[in-house]
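Colleague: Structure file run35.txt (compact mmCIF, C-alpha atoms and all ligand atoms) is given on the next line.
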# COMPACT_ATOMS: atom_id res chain seq x y z
CA MET U 1 9.60 3.85 21.66
CA SER U 2 8.64 5.82 18.58
CA ILE U 3 10.96 6.45 15.69
CA ASP U 4 13.78 8.64 16.90
CA PHE U 5 12.94 11.52 14.63
CA ASP U 6 9.90 13.78 14.60
CA LEU U 7 7.80 13.33 11.48
CA ASN U 8 6.90 17.02 11.71
CA ASN U 9 10.49 17.82 10.70
CA TYR U 10 9.70 16.52 7.23
CA LEU U 11 6.59 18.57 6.63
CA ASN U 12 5.79 21.67 4.66
CA ARG U 13 9.36 22.62 3.81
CA GLU U 14 11.74 21.95 0.95
CA ILE U 15 14.34 19.28 1.63
CA HIS U 16 17.36 19.54 -0.68
CA CYS U 17 18.32 15.90 -0.95
CA SER U 18 21.52 14.08 -1.83
CA CYS U 19 19.59 12.34 -4.63
CA GLY U 20 19.58 15.65 -6.47
CA ARG U 21 15.90 16.34 -6.02
CA ILE U 22 14.03 18.70 -3.77
CA HIS U 23 11.55 16.75 -1.65
CA TYR U 24 8.45 18.47 -0.45
CA ASN U 25 5.28 17.47 1.28
CA PRO U 26 2.56 20.01 1.96
CA ILE U 27 1.09 18.25 5.03
CA LYS U 28 1.14 20.83 7.82
CA LEU U 29 0.70 18.72 10.92
CA ILE U 30 0.97 15.15 12.18
CA ASP U 31 -0.32 14.40 15.68
CA ILE U 32 -0.15 10.70 16.53
CA ASP U 33 -0.20 10.49 20.29
CA GLU U 34 -2.20 10.18 23.47
CA GLY U 35 -5.01 12.74 23.58
CA ALA U 36 -4.83 13.67 19.90
CA MET U 37 -8.62 13.64 19.57
CA LYS U 38 -8.93 16.21 22.37
CA ARG U 39 -6.66 18.46 20.33
CA LEU U 40 -8.76 18.11 17.15
CA PRO U 41 -10.73 21.36 17.68
CA GLU U 42 -7.48 23.21 18.38
CA HIS U 43 -5.94 21.84 15.15
CA ILE U 44 -9.00 22.84 13.11
CA ARG U 45 -9.03 26.35 14.57
CA LYS U 46 -5.32 26.79 13.97
CA PHE U 47 -5.92 26.53 10.24
CA GLY U 48 -8.98 28.81 10.40
CA TYR U 49 -11.60 26.42 9.01
CA GLU U 50 -15.20 27.30 9.74
CA ARG U 51 -17.31 25.25 7.35
CA ILE U 52 -16.53 21.64 8.08
CA PHE U 53 -18.03 18.45 6.70
CA LEU U 54 -17.36 15.13 8.40
CA VAL U 55 -17.36 11.92 6.32
CA THR U 56 -17.28 8.44 7.84
CA ASP U 57 -19.13 5.13 7.65
CA GLN U 58 -21.48 3.55 10.15
CA ASN U 59 -18.95 1.20 11.76
CA ILE U 60 -16.33 3.88 12.18
CA TRP U 61 -18.99 6.30 13.45
CA GLU U 62 -19.44 4.04 16.45
CA ALA U 63 -15.70 3.46 16.96
CA ALA U 64 -14.28 6.94 16.39
CA GLY U 65 -16.67 9.25 14.52
CA LYS U 66 -18.87 9.96 17.54
CA TYR U 67 -15.84 10.78 19.62
CA ALA U 68 -14.57 13.26 17.01
CA ALA U 69 -18.03 14.80 16.67
CA GLN U 70 -18.33 15.15 20.45
CA GLU U 71 -15.01 16.97 20.68
CA LEU U 72 -16.09 19.39 17.94
CA GLU U 73 -19.46 20.02 19.62
CA ASN U 74 -17.83 20.58 23.00
CA ALA U 75 -15.60 23.18 21.38
CA GLY U 76 -18.57 24.87 19.71
CA ILE U 77 -17.48 23.97 16.18
CA SER U 78 -20.47 23.23 13.93
CA PHE U 79 -20.24 20.78 11.05
CA GLY U 80 -22.28 18.79 8.55
CA LYS U 81 -21.83 15.07 8.19
CA LEU U 82 -22.29 12.05 5.98
CA ILE U 83 -22.30 8.58 7.50
CA LEU U 84 -22.07 6.07 4.66
CA ALA U 85 -24.62 3.36 5.33
CA GLN U 86 -23.12 0.49 3.29
CA GLU U 87 -21.98 -2.45 5.37
CA GLU U 88 -18.73 -2.56 3.33
CA VAL U 89 -17.74 0.62 1.52
CA ILE U 90 -16.01 0.12 -1.85
CA PRO U 91 -14.24 3.17 -3.30
CA ASP U 92 -16.03 3.00 -6.63
CA GLU U 93 -17.87 5.45 -8.88
CA ALA U 94 -21.14 5.10 -6.95
CA VAL U 95 -19.69 6.01 -3.55
CA ILE U 96 -17.60 8.82 -5.05
CA GLY U 97 -20.86 10.22 -6.44
CA GLU U 98 -22.59 9.84 -3.09
CA ILE U 99 -19.95 11.87 -1.26
CA LEU U 100 -19.71 14.44 -4.04
CA THR U 101 -23.43 15.15 -3.87
CA ALA U 102 -23.47 15.32 -0.06
CA VAL U 103 -20.65 17.83 0.49
CA PRO U 104 -21.98 21.42 0.36
CA MET U 105 -20.12 23.64 -2.09
CA ASP U 106 -19.17 26.18 0.59
CA THR U 107 -17.35 23.52 2.65
CA GLU U 108 -13.81 24.54 3.61
CA LEU U 109 -12.62 21.30 5.14
CA ILE U 110 -13.62 17.69 4.60
CA LEU U 111 -12.89 15.89 7.85
CA ALA U 112 -12.43 12.21 7.06
CA VAL U 113 -12.77 9.89 10.04
CA GLY U 114 -11.61 6.42 9.07
CA SER U 115 -8.71 4.54 7.64
CA GLY U 116 -8.27 2.91 4.20
CA THR U 117 -11.36 3.42 2.11
CA ILE U 118 -12.71 6.56 3.80
CA ASN U 119 -9.29 8.17 3.51
CA ASP U 120 -8.97 7.25 -0.18
CA LEU U 121 -12.46 8.51 -1.02
CA CYS U 122 -12.08 11.80 0.85
CA LYS U 123 -8.60 12.34 -0.57
CA PHE U 124 -10.02 12.04 -4.06
CA VAL U 125 -13.30 13.92 -3.63
CA SER U 126 -11.76 16.81 -1.71
CA HIS U 127 -9.12 17.17 -4.41
CA ARG U 128 -11.70 17.19 -7.20
CA MET U 129 -13.79 19.74 -5.31
CA GLY U 130 -10.76 21.93 -4.60
CA LYS U 131 -11.23 21.53 -0.83
CA ASP U 132 -8.79 20.73 1.95
CA TYR U 133 -9.12 17.51 3.87
CA MET U 134 -7.92 16.26 7.22
CA ILE U 135 -7.80 12.62 8.27
CA VAL U 136 -8.60 11.34 11.74
CA ALA U 137 -7.25 7.80 11.65
CA SER U 138 -9.53 5.17 13.16
CA ALA U 139 -7.11 2.26 12.74
CA PRO U 140 -3.42 1.82 11.88
CA SER U 141 -4.38 -0.39 8.95
CA MET U 142 -2.73 0.95 5.78
CA ASP U 143 -0.18 3.41 4.46
CA GLY U 144 -2.28 5.80 2.40
CA PHE U 145 -2.76 8.53 5.02
CA ALA U 146 0.04 10.81 3.83
CA SER U 147 0.18 9.76 0.19
CA LEU U 148 -0.71 11.79 -2.86
CA GLY U 149 -2.51 9.04 -4.74
CA ALA U 150 -5.97 7.66 -4.05
CA PRO U 151 -6.43 3.99 -4.95
CA LEU U 152 -9.97 3.62 -6.29
CA MET U 153 -11.92 0.88 -7.99
CA LEU U 154 -12.81 2.33 -11.39
CA LYS U 155 -14.53 0.12 -13.95
CA HIS U 156 -13.46 -2.85 -11.79
CA VAL U 157 -9.76 -1.96 -12.02
CA LYS U 158 -7.79 -0.90 -8.99
CA THR U 159 -6.47 2.44 -10.18
CA THR U 160 -4.42 4.96 -8.25
CA ILE U 161 -5.40 8.51 -9.17
CA ASP U 162 -3.21 11.46 -8.24
CA ALA U 163 -4.99 13.61 -5.73
CA HIS U 164 -3.46 15.46 -2.78
CA THR U 165 -2.22 15.03 0.76
CA PRO U 166 -4.27 15.91 3.83
CA VAL U 167 -3.65 19.16 5.68
CA ALA U 168 -3.20 17.17 8.88
CA ILE U 169 -3.12 13.58 10.10
CA ILE U 170 -4.57 12.99 13.54
CA GLY U 171 -4.17 9.64 15.31
CA ASP U 172 -5.34 9.24 18.89
CA LEU U 173 -3.53 6.29 20.47
CA GLU U 174 -6.56 5.34 22.55
CA VAL U 175 -8.64 5.00 19.36
CA LEU U 176 -5.86 3.31 17.39
CA CYS U 177 -5.11 0.77 20.15
CA ALA U 178 -8.81 -0.10 20.36
CA ALA U 179 -9.03 -0.87 16.63
CA PRO U 180 -9.99 -4.45 15.77
CA ILE U 181 -6.92 -6.69 15.92
CA HIS U 182 -7.28 -7.75 12.26
CA MET U 183 -6.96 -4.08 11.27
CA ILE U 184 -3.84 -3.65 13.37
CA ALA U 185 -2.46 -6.86 11.83
CA ALA U 186 -3.25 -5.39 8.40
CA GLY U 187 -1.23 -2.28 9.21
CA LEU U 188 1.65 -4.47 10.32
CA GLY U 189 1.32 -6.45 7.06
CA ASP U 190 1.44 -3.26 4.99
CA THR U 191 4.53 -2.18 6.93
CA LEU U 192 6.32 -5.53 6.52
CA GLY U 193 5.58 -5.32 2.78
CA LYS U 194 8.30 -2.66 2.66
CA TYR U 195 10.95 -5.38 2.83
CA THR U 196 10.10 -6.72 -0.62
CA CYS U 197 9.08 -3.38 -2.03
CA LEU U 198 12.39 -1.72 -1.19
CA MET U 199 14.24 -4.71 -2.64
CA ASP U 200 12.28 -4.30 -5.88
CA TRP U 201 13.32 -0.66 -6.00
CA LYS U 202 16.99 -1.45 -5.32
CA LEU U 203 16.99 -4.07 -8.06
CA SER U 204 15.32 -1.73 -10.51
CA ARG U 205 18.01 0.82 -9.85
CA LEU U 206 20.60 -1.84 -10.66
CA ILE U 207 18.84 -3.24 -13.72
CA ASN U 208 17.00 -0.25 -15.18
CA ASP U 209 18.89 2.73 -13.76
CA GLU U 210 15.61 3.78 -12.20
CA TYR U 211 15.63 6.88 -10.02
CA TYR U 212 16.53 5.98 -6.46
CA CYS U 213 16.90 7.96 -3.26
CA GLU U 214 19.07 6.71 -0.39
CA GLU U 215 17.49 9.12 2.06
CA ILE U 216 13.95 7.99 1.35
CA VAL U 217 14.95 4.34 1.56
CA GLY U 218 16.82 5.07 4.79
CA LEU U 219 13.74 6.69 6.36
CA VAL U 220 11.47 3.78 5.47
CA GLU U 221 14.04 1.23 6.65
CA LYS U 222 14.43 3.07 9.94
CA ALA U 223 10.67 3.04 10.51
CA LEU U 224 10.53 -0.64 9.61
CA GLN U 225 13.34 -1.40 12.05
CA THR U 226 11.58 0.48 14.86
CA VAL U 227 8.48 -1.63 14.30
CA MET U 228 10.54 -4.84 14.21
CA GLU U 229 12.20 -3.99 17.53
CA GLN U 230 8.81 -4.16 19.25
CA LYS U 231 6.99 -6.52 16.93
CA ASP U 232 5.82 -8.76 19.77
CA LEU U 233 4.15 -5.84 21.54
CA VAL U 234 1.89 -4.99 18.60
CA VAL U 235 -0.50 -7.87 19.28
CA LYS U 236 -0.72 -6.72 22.91
CA ARG U 237 -1.91 -3.30 21.69
CA ASN U 238 0.97 -1.65 23.49
CA PRO U 239 0.51 2.10 22.79
CA GLN U 240 4.15 2.69 21.86
CA ALA U 241 4.19 -0.28 19.48
CA ILE U 242 0.92 0.89 17.90
CA LYS U 243 2.40 4.37 17.61
CA ALA U 244 5.44 2.90 15.83
CA VAL U 245 3.26 1.04 13.34
CA THR U 246 1.10 4.11 12.70
CA GLU U 247 4.15 6.32 12.26
CA ALA U 248 5.72 3.80 9.89
CA LEU U 249 2.53 3.84 7.82
CA VAL U 250 2.41 7.63 7.77
CA LEU U 251 6.09 7.86 6.99
CA THR U 252 5.67 5.54 4.03
CA GLY U 253 3.07 7.92 2.69
CA LEU U 254 5.50 10.81 3.11
CA ALA U 255 8.14 8.76 1.30
CA MET U 256 5.77 8.29 -1.63
CA SER U 257 5.12 11.98 -1.92
CA PHE U 258 8.88 12.65 -1.71
CA ALA U 259 9.53 10.22 -4.55
CA GLY U 260 6.60 11.55 -6.56
CA ASN U 261 5.10 8.07 -6.93
CA SER U 262 4.39 4.98 -4.87
CA ARG U 263 7.75 3.30 -5.52
CA PRO U 264 8.95 3.54 -1.88
CA ALA U 265 5.80 1.78 -0.66
CA SER U 266 4.57 -0.55 -3.33
CA GLY U 267 6.30 -3.42 -5.08
CA CYS U 268 5.36 -6.93 -6.11
CA GLU U 269 3.65 -7.64 -2.76
CA HIS U 270 1.23 -4.81 -3.61
CA HIS U 271 0.74 -6.10 -7.14
CA PHE U 272 -0.40 -9.41 -5.63
CA SER U 273 -2.81 -7.51 -3.43
CA HIS U 274 -4.24 -5.50 -6.34
CA PHE U 275 -4.66 -8.67 -8.41
CA TRP U 276 -6.51 -10.59 -5.68
CA GLU U 277 -8.66 -7.61 -4.83
CA MET U 278 -9.77 -7.06 -8.42
CA LYS U 279 -10.59 -10.74 -8.81
CA ALA U 280 -12.53 -10.83 -5.55
CA LEU U 281 -14.70 -7.87 -6.50
CA MET U 282 -15.32 -9.20 -10.01
CA ASN U 283 -16.40 -12.50 -8.49
CA GLY U 284 -18.68 -10.82 -5.98
CA ARG U 285 -16.51 -11.52 -2.94
CA MET U 286 -15.51 -8.90 -0.40
CA PRO U 287 -11.70 -8.68 -0.49
CA ALA U 288 -9.64 -8.81 2.70
CA LEU U 289 -8.21 -5.52 3.98
CA HIS U 290 -5.46 -3.99 1.85
CA GLY U 291 -2.78 -4.56 4.50
CA THR U 292 -3.90 -8.15 5.11
CA GLN U 293 -3.47 -8.83 1.42
CA VAL U 294 -0.10 -7.08 1.39
CA GLY U 295 1.07 -9.21 4.33
CA VAL U 296 0.12 -12.37 2.45
CA GLY U 297 1.70 -10.96 -0.71
CA MET U 298 4.88 -10.19 1.22
CA VAL U 299 5.20 -13.82 2.41
CA LEU U 300 4.70 -15.05 -1.16
CA ALA U 301 7.19 -12.50 -2.52
CA LEU U 302 9.79 -13.44 0.11
CA TRP U 303 9.46 -17.11 -0.73
CA LEU U 304 9.89 -16.35 -4.45
CA TYR U 305 12.84 -14.07 -3.76
CA HIS U 306 14.63 -16.69 -1.68
CA ARG U 307 14.03 -19.30 -4.36
CA LEU U 308 15.30 -16.96 -7.06
CA GLU U 309 18.40 -16.37 -4.99
CA GLN U 310 19.26 -20.08 -5.40
CA GLU U 311 18.84 -19.95 -9.17
CA GLU U 312 21.62 -20.23 -11.76
CA PRO U 313 19.68 -18.73 -14.67
CA ASP U 314 20.45 -19.45 -18.32
CA PHE U 315 20.41 -15.85 -19.50
CA GLU U 316 21.24 -16.66 -23.13
CA GLU U 317 18.35 -19.08 -23.35
CA ALA U 318 16.01 -16.57 -21.75
CA MET U 319 16.97 -13.97 -24.36
CA LYS U 320 15.95 -16.27 -27.18
CA ARG U 321 12.36 -16.67 -26.02
CA PRO U 322 9.77 -15.18 -28.38
CA PHE U 323 6.84 -13.17 -26.98
CA ASP U 324 3.55 -14.55 -28.24
CA MET U 325 1.29 -11.53 -27.82
CA GLN U 326 -1.84 -13.39 -28.83
CA ALA U 327 -1.36 -16.21 -26.33
CA TRP U 328 -0.53 -13.63 -23.67
CA GLU U 329 -3.72 -11.68 -24.41
CA GLU U 330 -5.76 -14.86 -24.12
CA LYS U 331 -4.21 -15.54 -20.74
CA MET U 332 -4.99 -12.00 -19.60
CA HIS U 333 -8.64 -12.48 -20.60
CA SER U 334 -8.89 -15.68 -18.62
CA TYR U 335 -7.08 -14.28 -15.54
CA TYR U 336 -8.32 -10.69 -15.53
CA MET U 337 -11.82 -11.14 -16.93
CA ASP U 338 -13.59 -7.73 -17.05
CA ALA U 339 -10.32 -5.94 -16.37
CA ALA U 340 -8.40 -7.58 -19.23
CA ASP U 341 -8.86 -4.76 -21.74
CA ALA U 342 -7.29 -2.23 -19.39
CA ILE U 343 -4.41 -4.61 -18.66
CA ILE U 344 -3.77 -5.22 -22.38
CA SER U 345 -3.88 -1.56 -23.26
CA LEU U 346 -1.37 -0.83 -20.47
CA GLU U 347 1.01 -3.37 -22.02
CA LYS U 348 0.55 -1.80 -25.45
CA LYS U 349 1.57 1.52 -23.99
CA ALA U 350 4.36 0.30 -21.69
CA GLY U 351 5.88 -2.59 -23.66
CA LYS U 352 6.99 -4.33 -20.44
CA ASN U 353 7.14 -7.68 -22.17
CA ASP U 354 8.65 -6.48 -25.42
CA PRO U 355 11.67 -8.77 -26.15
CA GLU U 356 13.96 -5.84 -26.84
CA HIS U 357 13.25 -4.26 -23.45
CA ARG U 358 13.41 -7.66 -21.78
CA ASN U 359 16.80 -8.51 -23.24
CA LYS U 360 18.23 -5.20 -22.15
CA ARG U 361 17.17 -6.07 -18.61
CA LEU U 362 18.46 -9.63 -18.88
CA LYS U 363 21.87 -8.33 -19.88
CA ARG U 364 22.02 -6.18 -16.76
CA MET U 365 20.74 -9.04 -14.60
CA LYS U 366 23.48 -11.29 -15.93
CA GLU U 367 26.19 -8.70 -15.23
CA ASN U 368 24.90 -8.12 -11.72
CA TRP U 369 23.73 -11.60 -10.76
CA PRO U 370 26.24 -12.19 -7.91
CA GLN U 371 25.31 -8.85 -6.38
CA ILE U 372 21.59 -9.47 -6.80
CA ARG U 373 21.90 -12.78 -4.98
CA MET U 374 23.89 -11.22 -2.20
CA MET U 375 21.35 -8.41 -1.71
CA ILE U 376 18.48 -10.88 -1.48
CA ARG U 377 20.39 -13.09 0.94
CA GLU U 378 21.60 -10.32 3.21
CA GLU U 379 18.75 -7.84 3.23
CA LEU U 380 15.56 -9.88 3.20
CA PRO U 381 14.27 -11.63 6.30
CA ALA U 382 13.58 -15.36 6.30
CA THR U 383 10.12 -16.23 5.01
CA GLU U 384 9.48 -18.35 8.11
CA GLU U 385 10.11 -15.42 10.45
CA MET U 386 7.42 -13.36 8.74
CA VAL U 387 5.01 -16.30 8.65
CA GLU U 388 5.38 -16.69 12.40
CA LEU U 389 4.90 -13.00 13.07
CA LEU U 390 1.70 -12.80 11.01
CA ARG U 391 0.42 -15.99 12.60
CA SER U 392 1.02 -14.58 16.08
CA MET U 393 -1.36 -11.76 15.09
CA GLY U 394 -3.96 -14.26 13.91
CA ALA U 395 -3.50 -12.99 10.34
CA PRO U 396 -3.60 -15.18 7.23
CA VAL U 397 -0.21 -16.08 5.77
CA GLU U 398 -1.27 -17.39 2.37
CA ALA U 399 -4.00 -16.41 -0.05
CA THR U 400 -6.64 -19.08 0.59
CA GLY U 401 -6.64 -17.95 4.23
CA MET U 402 -8.41 -14.80 3.02
CA GLY U 403 -10.86 -16.56 0.73
CA VAL U 404 -8.78 -16.42 -2.47
CA PRO U 405 -9.08 -19.62 -4.56
CA ALA U 406 -5.79 -21.57 -4.66
CA GLU U 407 -5.46 -21.18 -8.44
CA GLU U 408 -5.17 -17.42 -8.02
CA ILE U 409 -1.79 -17.98 -6.39
CA HIS U 410 -0.08 -19.19 -9.56
CA GLN U 411 -2.11 -16.71 -11.60
CA ALA U 412 -0.84 -13.87 -9.42
CA VAL U 413 2.80 -14.97 -9.75
CA GLU U 414 2.39 -15.07 -13.52
CA ALA U 415 0.24 -12.02 -14.11
CA ALA U 416 0.01 -9.63 -11.13
CA LYS U 417 2.90 -7.63 -12.56
CA GLU U 418 0.69 -6.62 -15.49
CA VAL U 419 -1.41 -4.42 -13.23
CA ARG U 420 1.22 -1.66 -13.27
CA ASP U 421 4.12 -0.48 -15.38
CA ARG U 422 6.60 -1.03 -12.56
CA PHE U 423 9.61 -3.31 -12.49
CA THR U 424 9.60 -5.85 -9.66
CA MET U 425 10.88 -9.34 -8.94
CA LEU U 426 7.83 -10.66 -10.80
CA GLN U 427 9.10 -9.04 -13.99
CA MET U 428 12.48 -10.67 -13.34
CA LEU U 429 10.79 -14.06 -13.14
CA TRP U 430 8.96 -13.34 -16.38
CA ASP U 431 12.12 -12.11 -18.10
CA LEU U 432 13.91 -15.29 -17.06
CA GLY U 433 11.06 -17.49 -18.26
CA LEU U 434 10.41 -18.72 -14.71
CA SER U 435 6.95 -17.28 -13.99
CA GLU U 436 4.89 -20.38 -14.69
CA ALA U 437 7.15 -22.86 -12.90
CA TYR U 438 7.53 -20.54 -9.90
CA GLY U 439 3.78 -19.96 -9.87
CA LYS U 440 3.06 -23.65 -9.58
CA ALA U 441 5.76 -24.20 -6.96
CA ALA U 442 4.47 -21.22 -4.97
CA GLU U 443 0.97 -22.66 -4.98
CA GLN U 444 2.39 -25.87 -3.50
CA TYR U 445 4.33 -23.94 -0.90
CA CYS U 446 1.15 -22.11 0.12
CA GLY U 447 -0.58 -25.49 0.35
CA SER U 448 2.11 -26.62 2.79
CA LEU U 449 1.38 -23.60 4.99
CA ARG U 450 -2.22 -24.76 5.27
CA GLU U 451 -1.33 -28.16 6.74
ZN ZN U 501 16.14 12.17 -2.21
ZN ZN U 502 -0.01 -0.50 1.03
Would you mind giving the structure from this file in structure tokens?
Modeller:
Amino acid sequence: MSIDFDLNNYLNREIHCSCGRIHYNPIKLIDIDEGAMKRLPEHIRKFGYERIFLVTDQNIWEAAGKYAAQELENAGISFGKLILAQEEVIPDEAVIGEILTAVPMDTELILAVGSGTINDLCKFVSHRMGKDYMIVASAPSMDGFASLGAPLMLKHVKTTIDAHTPVAIIGDLEVLCAAPIHMIAAGLGDTLGKYTCLMDWKLSRLINDEYYCEEIVGLVEKALQTVMEQKDLVVKRNPQAIKAVTEALVLTGLAMSFAGNSRPASGCEHHFSHFWEMKALMNGRMPALHGTQVGVGMVLALWLYHRLEQEEPDFEEAMKRPFDMQAWEEKMHSYYMDAADAIISLEKKAGKNDPEHRNKRLKRMKENWPQIRMMIREELPATEEMVELLRSMGAPVEATGMGVPAEEIHQAVEAAKEVRDRFTMLQMLWDLGLSEAYGKAAEQYCGSLRE
């Protein structure tokens, strides 16, 4: 069972929405189905591309790249190619340069064969070169296929740069179902992260009057529900369940482009992921897959949310707290290391922690506290349910399970919000003066999951 609407209905046309905006996504075609790879030459010809350049890495070449290349050759379509030789490709300045120098200037289409990193790199490079790109998904592992932004690692900081959407997204179910199980689990983790991310958005609407779109939220919730209805089939690589996960991931990307930013897809669970990933790379460790980190972040965020729901905060007391900028900067240096300067300059621009802004938010939180509690209670799943689901996939459920040192759990609860100027539950904890205590308690909770 796939989602009961055709994603192609949302492409390449203006949607006049009840939120008052016109949503538009320029993607022309989505083909996620049996036999999609066989249709690749047909899709390329339909758009009239003649000079094609295929980009992939050596692992994906074996798993999907060869297959794509074979289909093109059989159809008499010639192409150049770059197979990145690194064992683990990081989307940093060096690899961007490598692709940029390899793609001939007269290329009309960059054909990315891969998932997370290859997609991000090709999205960015093709945009900067003024070329179109098409993505052939090798695994249903993350939600960046249809999105506008490319998350890159620039000067050690995970930074999302506006780029463009692909012309087409191709996902062959045979390839996707054969993806390594930890990649499928990652895609499921990225999908489940929408629970906490949508809650963050709903709360920001309530507390900050942030722009919100019912239709977009409805689409993402529908996709999430479709995945949940067959959640036990995902680990069995059931084609329809894999299709549902892939479509949910693609749909989330569409939702981001409709909203004009990553709000519909990325909340505090993603901030955790960005924080851990930056720390891993700075410490010379290879981070877990994006979706794996998001899954772990989602469990942590759910646990914090459910704890917050029990809280009777002293709003007046919270409003009296001073903000010691110097102490905060010192903490950022110790937590963020090489990335601290960027984090501090973001705060100077955004003023997230400025007491005046904070107190405005606290006032709204106080007025809406009963409703906030009710939303958390009624709309978020139980933490335990998500822990079990991730465990059934063999995925880690807390940060040390992916090689993150235990201390980075409390650090993330305290400081991951600083990575973006975006209101989430983590900012609520900070506003209420609860970040440190919740960070320590969360670290203990994660310890209990290890036993
Ligand atoms: Zn809308
Ligand atoms: Zn994601």
Colleague: At most 10 Å is the cut-off: for each residue in range 273-352 of chain U with any atom that close to an atom of range 172-182 of chain U, write down the nearest atom pair and the distance in Å rounded to one decimal, counting only C-alpha atoms, chain first then increasing number, as a tab-separated table.
Modeller:
residue	atom	partner	partner_atom	distance
U:Ala288	CA	U:His182	CA	9.9
U:Leu289	CA	U:His182	CA	8.6
U:Gly291	CA	U:His182	CA	9.5
U:Thr292	CA	U:His182	CA	7.9
Colleague: Compute the set of protein, DNA and RNA residues whose minimum atom distance to ligand ZN 502 (chain U) is at most 8 Å, using only C-alpha atoms and all ligand atoms, and state it as an NGL selection string.
Modeller: :U and (142-144 or 190-191 or 193 or 265-266 or 270 or 290-291 or 294)
Colleague: All residues within 7 Å of ligand ZN 501 (chain U) are required, counting all atoms listed in the file; please report them as a PyMOL selection string.
Modeller: chain U and resi 17-21+23+213-216
Colleague: Taking all atoms listed in the file into account, name the residue in U:Thr196, U:Gly171, U:Val95, U:Gln86 that is nearest to Gly35 in chain U.
Modeller: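 Under the stated criterion, the closest residue is U:Gly171.
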Colleague: Of the candidates U:Ile90, U:Ala318, U:Met337, U:Ala186, which shows the shortest atom-to-atom distance to Val234 in chain U, using all atoms listed in the file?
Modeller: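 The closest residue to Val234 in chain U is U:Ala186.
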Colleague: What is the distance, in Å and to one decimal place, between CA of Glu443 in chain U and CA of Pro405 in chain U?
Modeller: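 Pair CA of Glu443 in chain U / CA of Pro405 in chain U returns 10.5 Å.
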Colleague: Find the residues around Ile409 in chain U up to 9 Å (all atoms listed in the file counted), leave out those fewer than 6 positions away in its own chain, and share them as a ChimeraX atom specification.
Modeller: /U:272,276,300,398-400,439-440,442-443,446
Colleague: Could you tell me which of U:Ile242, U:Ala36, U:Leu281, U:Ile135 comes closest to Pro91 in chain U if we count only C-alpha atoms?
Modeller: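 Of all the options, U:Leu281 lies closest to Pro91 in chain U.
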Colleague: With all atoms listed in the file counted and 10 Å as the cut-off, give the residues of range 159-190 of chain U in contact with range 381-389 of chain U, each with its shortest interatomic distance in Å and the pair that gives it, as JSON lines.
Modeller:
{"residue": "U:Ala185", "atom": "CA", "partner": "U:Leu389", "partner_atom": "CA", "distance": 9.7}
{"residue": "U:Leu188", "atom": "CA", "partner": "U:Leu389", "partner_atom": "CA", "distance": 9.5}
{"residue": "U:Gly189", "atom": "CA", "partner": "U:Met386", "partner_atom": "CA", "distance": 9.4}
Colleague: Please compute the CA of Tyr212 in chain U-CA of Leu198 in chain U distance, one decimal, in Å.
Modeller: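 For CA of Tyr212 in chain U relative to CA of Leu198 in chain U, the distance reads 10.2 Å.
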Colleague: Which is closer to Cys197 in chain U than all the others in U:Met402, U:Cys268, U:Leu249, U:Ala223, using all atoms listed in the file?
Modeller: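 Closest to Cys197 in chain U, using all atoms listed in the file: U:Cys268.
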Colleague: Point out the residue among U:Ala68, U:Leu346, U:Leu192, U:Arg39 with the least atom-to-atom distance to Leu380 in chain U, counting all atoms listed in the file.
Modeller: U:Leu192
Colleague: At what distance in Å, to one decimal, does CA of Arg285 in chain U lie from CA of Thr101 in chain U?
Modeller: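 Those two atoms sit 27.6 Å apart.
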Colleague: Considering all atoms listed in the file, can you say which of U:Tyr305, U:Phe145, U:Tyr195, U:Phe323 comes closest to Thr246 in chain U?
Modeller: U:Phe145
Colleague: Would you be able to write out as number ranges by chain which residues have an atom within 10 Å of (5.2, 5.0, 10.4) in the file's coordinates, counting only C-alpha atoms?
Modeller: U: 2-3, 7, 32, 140, 143, 187, 191, 219-220, 222-224, 226-227, 242-254
Colleague: Using only C-alpha atoms, find each residue in range 12-117 of chain U having at least one atom no more than 6 Å away from range 122-133 of chain U; report its shortest atom-to-atom pair and that distance in Å (one decimal), rows by chain then rising number, as JSON lines.
Modeller:
{"residue": "U:Glu108", "atom": "CA", "partner": "U:Lys131", "partner_atom": "CA", "distance": 6.0}
{"residue": "U:Leu109", "atom": "CA", "partner": "U:Asp132", "partner_atom": "CA", "distance": 5.0}
{"residue": "U:Ile110", "atom": "CA", "partner": "U:Tyr133", "partner_atom": "CA", "distance": 4.6}
{"residue": "U:Leu111", "atom": "CA", "partner": "U:Tyr133", "partner_atom": "CA", "distance": 5.7}
Colleague: Would you list the contacts of Asp92 in chain U as number ranges by chain, taking every protein, DNA or RNA residue within 9 Å and counting only C-alpha atoms, but skipping same-chain residues closer than 4 positions in sequence?
Modeller: U: 96-97, 121, 152-156
Colleague: Show which residues sit within 8 Å of range 361-375 of chain U, as an MDAnalysis selection string. Count only C-alpha atoms, and ignore same-chain residues fewer than 5 positions away.
Modeller: chainID U and resid 203 206:208 309:310 315 318:319 380 431:432
Colleague: Which residues are close to Lys81 in chain U, i.e. within 10 Å by all atoms listed in the file, leaving aside same-chain residues fewer than 4 positions away? Reply as a ChimeraX atom specification.
Modeller: /U:52-56,69,102-103,110-112
Colleague: Give as a PyMOL selection string the set of residues within 9 Å of the point (2.8, 15.5, 13.4), where distances use the file's coordinates and all atoms listed in the file.
Modeller: chain U and resi 6-9+11+27-32+168-170
